[in-house]
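> Following this line is target-v9.txt, made up of compact mmCIF, C-alpha atoms and all ligand atoms:
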# COMPACT_ATOMS: atom_id res chain seq x y z
CA MET A 57 41.96 26.39 -8.41
CA ASN A 58 38.69 27.46 -9.98
CA GLU A 59 36.83 29.74 -7.54
CA ASN A 60 33.39 28.49 -8.64
CA VAL A 61 34.21 24.91 -7.69
CA LEU A 62 35.31 26.02 -4.21
CA ASN A 63 32.19 28.13 -3.67
CA ARG A 64 29.84 25.44 -4.87
CA GLY A 65 31.37 22.77 -2.67
CA GLU A 66 31.30 24.82 0.51
CA HIS A 67 27.56 24.90 1.09
CA PRO A 68 25.60 21.91 -0.17
CA PRO A 69 21.95 22.86 -0.71
CA CYS A 70 19.84 22.12 2.32
CA GLY A 71 16.19 23.02 2.75
CA ARG A 72 14.30 23.56 5.97
CA PHE A 73 11.79 21.25 7.61
CA ILE A 74 8.70 22.78 9.28
CA THR A 75 6.05 20.70 11.04
CA PHE A 76 2.58 21.52 12.37
CA GLU A 77 1.19 19.79 15.45
CA GLY A 78 -1.84 19.92 17.72
CA ILE A 79 -4.91 17.95 18.76
CA ASP A 80 -7.58 17.14 16.15
CA GLY A 81 -9.53 20.28 15.21
CA ALA A 82 -6.71 22.65 16.21
CA GLY A 83 -6.93 24.37 12.82
CA LYS A 84 -3.61 23.32 11.28
CA SER A 85 -4.78 22.59 7.75
CA SER A 86 -5.58 26.06 6.41
CA GLN A 87 -2.58 27.62 8.18
CA ILE A 88 -0.21 25.15 6.52
CA ALA A 89 -1.31 26.40 3.12
CA ALA A 90 -0.71 30.00 4.27
CA VAL A 91 2.85 29.26 5.40
CA ALA A 92 3.58 27.39 2.15
CA ALA A 93 2.27 30.41 0.20
CA LEU A 94 4.42 32.81 2.25
CA LEU A 95 7.54 30.77 1.47
CA ARG A 96 6.72 30.39 -2.23
CA ALA A 97 6.26 34.15 -2.47
CA ARG A 98 9.90 34.40 -1.31
CA GLY A 99 10.96 32.16 -4.21
CA ILE A 100 11.45 29.09 -1.99
CA GLU A 101 10.52 25.70 -3.45
CA VAL A 102 8.13 24.04 -1.01
CA GLU A 103 6.83 20.49 -0.65
CA GLN A 104 3.65 20.18 1.36
CA SER A 105 2.96 16.82 2.96
CA ARG A 106 1.31 15.05 5.87
CA GLU A 107 1.66 12.14 8.29
CA PRO A 108 0.62 9.46 8.42
CA GLY A 109 0.84 9.64 4.62
CA GLY A 110 2.90 11.57 2.12
CA THR A 111 3.75 8.58 -0.10
CA PRO A 112 1.51 6.00 -1.81
CA LEU A 113 2.48 3.39 0.82
CA GLY A 114 2.09 5.93 3.63
CA GLU A 115 -1.40 6.86 2.43
CA SER A 116 -2.37 3.17 2.42
CA LEU A 117 -1.07 2.85 5.98
CA ARG A 118 -3.02 6.00 6.89
CA GLU A 119 -6.26 4.33 5.81
CA LEU A 120 -5.54 1.40 8.15
CA LEU A 121 -4.37 3.61 11.01
CA LEU A 122 -7.41 5.88 10.89
CA HIS A 123 -10.04 3.17 10.55
CA GLN A 124 -8.79 -0.26 11.60
CA PRO A 125 -8.74 -1.22 15.31
CA MET A 126 -5.25 -2.46 16.31
CA HIS A 127 -2.90 -3.03 19.22
CA LEU A 128 -1.24 0.14 20.53
CA GLU A 129 2.27 -1.06 19.63
CA THR A 130 1.12 -2.03 16.13
CA GLU A 131 -0.23 1.52 15.80
CA ALA A 132 3.07 3.06 16.93
CA MET A 133 5.13 0.86 14.61
CA LEU A 134 2.89 1.57 11.61
CA MET A 135 3.18 5.34 12.29
CA PHE A 136 6.96 4.95 12.18
CA ALA A 137 6.85 2.61 9.17
CA ALA A 138 4.92 5.26 7.23
CA ARG A 139 7.43 7.86 8.48
CA ARG A 140 10.44 5.78 7.39
CA GLU A 141 9.03 5.60 3.87
CA HIS A 142 8.15 9.31 3.89
CA LEU A 143 11.69 10.26 4.97
CA ALA A 144 13.34 8.05 2.35
CA ALA A 145 11.05 8.86 -0.56
CA ARG A 146 10.27 12.53 -0.01
CA ILE A 147 11.62 14.41 3.00
CA GLU A 148 15.33 13.59 2.76
CA PRO A 149 15.57 14.00 -1.05
CA ALA A 150 13.68 17.32 -0.88
CA LEU A 151 15.90 18.75 1.88
CA ALA A 152 19.05 17.54 0.11
CA ALA A 153 17.95 19.32 -3.07
CA GLY A 154 17.36 22.58 -1.16
CA ARG A 155 13.57 22.40 -1.11
CA TRP A 156 11.65 23.15 2.07
CA VAL A 157 9.23 20.61 3.52
CA VAL A 158 6.08 21.77 5.30
CA CYS A 159 4.43 18.81 6.97
CA ASP A 160 1.18 18.24 8.87
CA ARG A 161 2.48 16.19 11.86
CA PHE A 162 5.70 14.19 12.50
CA SER A 163 7.15 12.28 15.48
CA ASP A 164 5.89 14.76 18.10
CA ALA A 165 2.43 13.43 17.18
CA THR A 166 3.49 9.88 18.05
CA PHE A 167 4.81 11.12 21.38
CA ALA A 168 1.56 13.02 22.06
CA TYR A 169 -1.00 10.47 20.80
CA GLN A 170 0.60 7.07 21.36
CA VAL A 171 2.71 7.85 24.47
CA GLY A 172 0.58 10.61 26.03
CA GLY A 173 -2.85 9.61 24.82
CA ARG A 174 -2.63 5.81 24.81
CA GLY A 175 0.18 5.03 27.25
CA LEU A 176 2.89 3.58 24.96
CA ALA A 177 6.10 3.05 26.97
CA ARG A 178 8.43 6.00 26.47
CA ASP A 179 11.48 3.81 25.88
CA LYS A 180 9.69 2.09 22.99
CA PHE A 181 8.87 5.48 21.43
CA GLU A 182 12.48 6.59 21.91
CA ALA A 183 13.80 3.37 20.34
CA LEU A 184 11.60 3.84 17.27
CA GLU A 185 12.52 7.50 16.92
CA ALA A 186 16.25 6.71 17.28
CA TRP A 187 15.92 3.98 14.65
CA VAL A 188 13.91 5.92 12.06
CA HIS A 189 15.49 9.37 12.36
CA PRO A 190 18.51 9.31 14.68
CA ARG A 191 19.72 12.79 13.69
CA LEU A 192 16.97 14.64 11.87
CA GLN A 193 14.44 16.80 13.72
CA PRO A 194 12.30 19.57 12.24
CA ASP A 195 13.93 23.02 12.11
CA LEU A 196 10.69 24.50 13.43
CA THR A 197 7.50 22.99 14.87
CA LEU A 198 4.36 25.06 15.31
CA LEU A 199 2.27 23.55 18.09
CA PHE A 200 -1.37 24.68 17.87
CA ASP A 201 -2.59 24.69 21.46
CA LEU A 202 -6.21 25.03 22.54
CA PRO A 203 -8.72 23.47 24.96
CA PRO A 204 -10.01 20.05 23.83
CA GLU A 205 -13.63 21.28 24.13
CA THR A 206 -13.02 24.00 21.53
CA ALA A 207 -11.23 21.60 19.19
CA ALA A 208 -14.00 18.98 19.53
CA ALA A 209 -16.66 21.58 18.72
CA ARG A 210 -14.75 22.50 15.55
CA VAL A 211 -14.45 18.85 14.49
CA ALA A 212 -18.17 18.32 15.12
CA SER A 213 -19.21 21.42 13.19
CA ALA A 214 -17.01 20.41 10.23
CA GLY A 215 -19.53 17.55 9.88
CA ALA A 216 -17.25 14.83 8.43
CA ASP A 217 -17.43 11.22 9.61
CA PRO A 218 -15.07 11.03 12.63
CA ASP A 219 -12.10 8.63 12.36
CA ARG A 220 -10.75 6.35 15.12
CA PHE A 221 -8.82 9.21 16.75
CA GLU A 222 -11.50 11.87 16.42
CA ARG A 223 -13.95 9.55 18.19
CA GLU A 224 -11.79 9.52 21.34
CA ARG A 225 -13.16 11.17 24.50
CA ARG A 226 -12.19 14.45 26.09
CA ASP A 227 -9.75 12.89 28.62
CA PHE A 228 -7.76 11.34 25.76
CA PHE A 229 -7.26 14.78 24.19
CA VAL A 230 -6.43 16.30 27.59
CA ARG A 231 -3.55 13.79 27.82
CA VAL A 232 -2.48 14.38 24.20
CA ARG A 233 -2.42 18.13 24.77
CA GLU A 234 -0.39 17.75 27.97
CA ALA A 235 2.14 15.47 26.23
CA TYR A 236 2.57 18.00 23.40
CA LEU A 237 3.20 20.76 25.95
CA GLU A 238 5.70 18.54 27.79
CA ARG A 239 7.58 17.94 24.54
CA ALA A 240 7.55 21.70 23.87
CA ARG A 241 9.10 22.31 27.29
CA LEU A 242 11.88 19.85 26.40
CA ALA A 243 12.62 21.55 23.05
CA PRO A 244 11.66 25.22 23.45
CA GLN A 245 13.93 26.42 20.63
CA ARG A 246 12.32 24.13 18.08
CA ILE A 247 8.70 23.84 19.24
CA ARG A 248 6.80 27.14 19.34
CA VAL A 249 3.44 27.03 21.10
CA VAL A 250 0.76 28.97 19.22
CA ASP A 251 -2.49 29.99 20.94
CA ALA A 252 -4.95 28.35 18.52
CA ASP A 253 -8.06 29.47 20.41
CA ARG A 254 -8.32 32.66 18.35
CA ALA A 255 -9.59 33.87 14.99
CA PRO A 256 -7.71 32.38 11.99
CA GLU A 257 -6.30 35.82 11.01
CA ALA A 258 -4.64 36.32 14.41
CA ILE A 259 -3.12 32.83 14.32
CA ARG A 260 -1.88 33.38 10.79
CA ALA A 261 -0.15 36.66 11.71
CA ASP A 262 1.52 34.95 14.66
CA ILE A 263 2.89 31.98 12.78
CA GLU A 264 4.08 34.10 9.85
CA ARG A 265 6.02 36.21 12.35
CA VAL A 266 7.60 33.11 13.93
CA VAL A 267 8.58 31.70 10.53
CA ARG A 268 10.10 35.04 9.51
CA GLU A 269 12.00 35.48 12.77
CA THR A 270 13.36 31.96 12.98
CA LEU A 271 13.97 30.80 9.43
CA LEU A 272 13.90 33.65 6.91
CA PRO A 273 16.89 35.91 6.44
N1 LIG A 301 -9.13 29.59 14.21
C1 LIG A 301 -10.28 28.93 13.95
N2 LIG A 301 -11.42 29.29 14.55
C2 LIG A 301 -12.57 28.62 14.33
N3 LIG A 301 -12.69 27.54 13.49
C3 LIG A 301 -11.58 27.12 12.87
C4 LIG A 301 -10.30 27.79 13.07
N4 LIG A 301 -9.37 27.15 12.33
C5 LIG A 301 -10.00 26.14 11.70
N5 LIG A 301 -11.32 26.11 12.01
C6 LIG A 301 -12.32 25.14 11.55
O1 LIG A 301 -12.19 24.01 12.41
C7 LIG A 301 -12.25 22.79 11.66
C8 LIG A 301 -10.95 22.01 11.85
O2 LIG A 301 -9.88 22.73 11.25
P1 LIG A 301 -8.66 21.98 10.55
O3 LIG A 301 -7.79 23.04 9.92
O4 LIG A 301 -9.16 20.89 9.66
O5 LIG A 301 -7.93 21.36 11.83
P2 LIG A 301 -6.79 20.26 11.93
O6 LIG A 301 -6.17 20.12 10.55
O7 LIG A 301 -5.85 20.83 12.92
O8 LIG A 301 -7.46 19.03 12.43
C9 LIG A 301 -12.53 23.20 10.21
O9 LIG A 301 -13.91 23.10 9.98
C10 LIG A 301 -12.05 24.64 10.14
O10 LIG A 301 -12.79 25.39 9.20
C1 LIG A 302 1.44 11.31 12.62
C2 LIG A 302 0.51 10.78 13.67
C3 LIG A 302 -0.84 11.01 13.63
N1 LIG A 302 -1.66 10.51 14.57
C4 LIG A 302 -3.11 10.75 14.49
C5 LIG A 302 -3.54 12.14 14.83
C6 LIG A 302 -4.77 12.38 14.00
O1 LIG A 302 -5.91 12.05 14.77
C7 LIG A 302 -4.66 11.38 12.87
C8 LIG A 302 -4.56 11.98 11.49
O2 LIG A 302 -3.96 13.21 11.57
P1 LIG A 302 -4.44 14.46 10.68
O3 LIG A 302 -3.94 14.27 9.31
O4 LIG A 302 -4.02 15.68 11.38
O5 LIG A 302 -6.00 14.33 10.71
P2 LIG A 302 -7.05 15.38 10.16
O6 LIG A 302 -6.56 15.89 8.87
O7 LIG A 302 -8.29 14.52 10.09
O8 LIG A 302 -7.13 16.45 11.24
O9 LIG A 302 -3.53 10.56 13.16
C9 LIG A 302 -1.16 9.73 15.62
O10 LIG A 302 -1.92 9.26 16.48
N2 LIG A 302 0.19 9.49 15.67
C10 LIG A 302 1.06 9.98 14.74
O11 LIG A 302 2.28 9.72 14.81
Reformat the file's structure so that it appears as structure tokens.
Ligand SMILES: Nc1ncnc2c1ncn2[C@@H]1O[C@H](COP(=O)(O)OP(=O)(O)O)[C@@H](O)[C@H]1O
Ligand SMILES: Cc1cn([C@H]2C[C@H](O)[C@@H](COP(=O)(O)OP(=O)(O)O)O2)c(=O)[nH]c1=O

Amino acid sequence: MNENVLNRGEHPPCGRFITFEGIDGAGKSSQIAAVAALLRARGIEVEQSREPGGTPLGESLRELLLHQPMHLETEAMLMFAARREHLAARIEPALAAGRWVVCDRFSDATFAYQVGGRGLARDKFEALEAWVHPRLQPDLTLLFDLPPETAAARVASAGADPDRFERERRDFFVRVREAYLERARLAPQRIRVVDADRAPEAIRADIERVVRETLLP
């Protein structure tokens, strides 16, 4: 038998999936670009995306989610509807083709914001997660952790019009932060807590080290 055929068949291409999480103002955005640049410099093909969003339909749902008042369960289902589309149209095809996906938020955000922050029943979250991605989880999640006061000051000094989530009070973000940390305790191998209450350079060095140690040969 032809050796090339055997070698090709043994290892189908499969990219890695990295997500970034944290309360609003944690400082994810610029660090995502840095991680994507680090990977590209290694010759890895990277797709950068975000949730809610990442597809034309997902971006339309994002507009509604960020600005339109709605029932909590509607909010949770629309987050997962956008995610279903994102998985089908972008994440799964990219990973299957060997590309890496670097994404600003995924289901840990629904656990933190809708379950932790707003009080969605856990079994409803678990049912939606099991429906939309029964097997897939990120290979690595970087959780940017910092006090809500610091994050709120950053959001305020950025000066943009706050959306429906950014307008929430301190106690909401205290609960969101606690729910993220709870999820990290449940999945310590996958979710790495990053101290985000530091200068951007220190955070960047930390997350580049974690990405190197966990995912790069
Ligand atoms: N480590 C940091 N220290 C101080 N300010 C920061 C830091 N990281 C980001 N910022 C600023 O805080 C604001 C929110 O950052 P951003 O990356 O948009 O957060 P996120 O995407 O997590 O909501 C921006 O104005 C950004 O310039
Ligand atoms: C993905 C996701 C986001 N969100 C919220 C968190 C954020 O406040 C908002 C948008 O996230 P994000 O894109 O991080 O906002 P920004 O770029 O303005 O920092 O959506 C949820 O409540 N549940 C979810 O499942």
> Skipping near chain neighbours, those fewer than 6 positions away, what residues fall within 10 Å of A:Glu222 using only C-alpha atoms, listed as an MDAnalysis selection string?
chainID A and resid 79:81 122 208 211:212 229
> Edge lengths and centre in Å to one decimal, as JSON, is what I'm after for the box along x, y and z that holds all listed atoms of ligand LIG 302 (chain A) once 4 Å is added on each side.

{"center_x": -3.0, "center_y": 12.9, "center_z": 12.7, "size_x": 18.6, "size_y": 15.2, "size_z": 15.6}
> What is the atom C8 of ligand LIG 302 (chain A) to atom CA of A:Glu182 distance in Å?
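About the pair atom C8 of ligand LIG 302 (chain A) and atom CA of A:Glu182: they are 20.7 Å apart.
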> Would you write out, as CSV, a table of all residues in chain A that have an atom no more than 9 Å from an atom of ligand LIG 301 (chain A), listing for each the closest atom pair and the distance in Å to one decimal, considering all atoms listed in the file and ordering rows by chain and rising residue number?

residue,atom,partner,partner_atom,distance
A:Phe76,CA,A:LIG301,O7,8.5
A:Glu77,CA,A:LIG301,O7,7.6
A:Gly78,CA,A:LIG301,O7,6.3
A:Ile79,CA,A:LIG301,O7,6.6
A:Asp80,CA,A:LIG301,O8,4.2
A:Gly81,CA,A:LIG301,O8,3.7
A:Ala82,CA,A:LIG301,O7,3.9
A:Gly83,CA,A:LIG301,O3,3.3
A:Lys84,CA,A:LIG301,O7,3.7
A:Ser85,CA,A:LIG301,O3,3.7
A:Ser86,CA,A:LIG301,O3,5.1
A:Gln87,CA,A:LIG301,O3,7.2
A:Ile88,CA,A:LIG301,O3,8.6
A:Asp160,CA,A:LIG301,O6,7.8
A:Phe200,CA,A:LIG301,O7,7.7
A:Thr206,CA,A:LIG301,C2,8.6
A:Ala207,CA,A:LIG301,O1,7.3
A:Ala208,CA,A:LIG301,C8,8.8
A:Ala209,CA,A:LIG301,O1,8.1
A:Arg210,CA,A:LIG301,O1,4.3
A:Val211,CA,A:LIG301,C7,5.3
A:Ala212,CA,A:LIG301,C7,8.2
A:Ser213,CA,A:LIG301,O9,6.4
A:Ala214,CA,A:LIG301,O9,4.1
A:Gly215,CA,A:LIG301,O9,7.9
A:Ala252,CA,A:LIG301,N1,6.1
A:Asp253,CA,A:LIG301,N1,6.3
A:Arg254,CA,A:LIG301,N1,5.2
A:Ala255,CA,A:LIG301,N1,4.4
A:Pro256,CA,A:LIG301,N1,3.8
A:Glu257,CA,A:LIG301,N1,7.6
A:Ala258,CA,A:LIG301,N1,8.1
A:Ile259,CA,A:LIG301,N1,6.8
A:Arg260,CA,A:LIG301,N1,8.9
> Restricting the calculation to all atoms listed in the file: of A:Cys70, A:Leu184, A:Ala145, A:Val91, which residue gets closest to ligand LIG 302 (chain A)?
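Closest residue, counting all atoms listed in the file: A:Leu184.
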> To one decimal place in Å, what is the distance between atom CA of A:Leu271 and atom CA of A:Glu148?
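Separation between atom CA of A:Leu271 and atom CA of A:Glu148: 18.5 Å.
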> Excluding A:Ala144 and any residue of its chain fewer than 6 positions from it, enumerate the residues within 10 Å of it, using all atoms listed in the file, and give them as number ranges by chain.
A: 111, 150, 188
> Could you check how far atom CA of A:Ile100 sits from atom CA of A:Gly71, in Å to one decimal?
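Straight-line distance from atom CA of A:Ile100 to atom CA of A:Gly71 works out to 9.0 Å.
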